[in-house]
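*Asks:* Pasting a structure below so you can have a look.
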Amino acid sequence: MSICVRLWRGEWKKNGEDEWHFDPDDDDFGLRAMIKDDETYETLEAMVRRRYSLRPSTPVVLTFRLPTWMLSPLGHKTPPTTITRTEDLCVLLNVRTSLSDQALLVTAGPKCVVEYEFLCRTSFTIGSTTYVVDNTQNEASRAEYESK
């Protein structure tokens with residue numbers, strides 16, 4: 001069995017109320033893709049890299065958002081689900097919604113990926129540098145990051 005997803009490229013943003021919103025690239029019209037139940041993260045990432053002509057060294061984050069009715073009690077304050085391994089992909093494959101296509105949201109490029117990881121408050125690695133995020137960051141940390 002497989003599911004049809006739509007690939008969208010863009011960036012995750014948070015508004016002043018800490019609600020997550022995906023801002024798709026204006027040039028991306030999406031692409032329908034079939035994902036099989038036995039799909040691995042590696043093959044999915046390779047498909048995304050081919051679709052968007054991304055080099056192996058280009059940072060990429062694959063995410064999806066659960067349907068709105070599954071986001072309670074926090075609603076859109078619930079962060080998107082990040083796919084980093086095959087086990088995470090199983091969650092996407094098992095979420096069935098009859099009202100709309102499931103979207104696989106692609107964030108690519110160093111700046112966009114770092115911004116997403118910063119908003120998620122998760123530790124991340126770019127190249128050989130690892131950034132540890134321990135929830136003590138504040139707007140001053142963000143200003144310092146943006147000044148570089």
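Every chain in the structure tokens takes a letter, A first, then B, and so on in the order presented; its residues are numbered from 1, and the ligands are numbered from 1 following the presented order.
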Please report, as number ranges by chain, each residue of chain A to which DSSP assigns helix (DSSP H, G or I) when run on this structure's backbone.
*Replies:* A: 41-51, 68-70, 75-77, 86-94, 110-120, 139-147
*Asks:* Contacts of Arg32 in chain A at 10 Å or less, counting only C-alpha atoms, minus same-chain residues fewer than 5 places along, as an MDAnalysis selection string?
*Replies:* chainID A and resid 4:8 101:104
*Asks:* Smallest atom-to-atom distance to Thr107 in chain A: which of A:Gly16, A:Gly75, A:Pro67, A:Pro80, using only C-alpha atoms?
*Replies:*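 Checking each of A:Gly16, A:Gly75, A:Pro67, A:Pro80 against Thr107 in chain A, counting only C-alpha atoms, the winner is A:Pro80.
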*Asks:* Excluding same-chain residues fewer than 4 positions from Ala108 in chain A, what lies within 8 Å of it counting only C-alpha atoms, as a CSV table (one decimal) with C-alpha atoms, in the first residue's frame?
*Replies:*
chain,number,residue,atom,x,y,z
A,9,ARG,CA,9.2,23.7,-0.7
A,10,GLY,CA,9.2,26.7,1.7
A,58,THR,CA,22.7,21.1,1.0
A,59,PRO,CA,21.0,20.9,4.4
A,60,VAL,CA,17.4,19.6,4.1
A,61,VAL,CA,14.6,19.2,6.6
A,112,CYS,CA,16.3,28.1,6.1
A,113,VAL,CA,17.3,24.9,8.0
*Asks:* Looking at only C-alpha atoms, which of A:Asn94, A:Arg65, A:Cys120, A:Val106 is the one that sits closest to Thr81 in chain A?
*Replies:*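 Counting only C-alpha atoms, the residue closest to Thr81 in chain A is A:Arg65.
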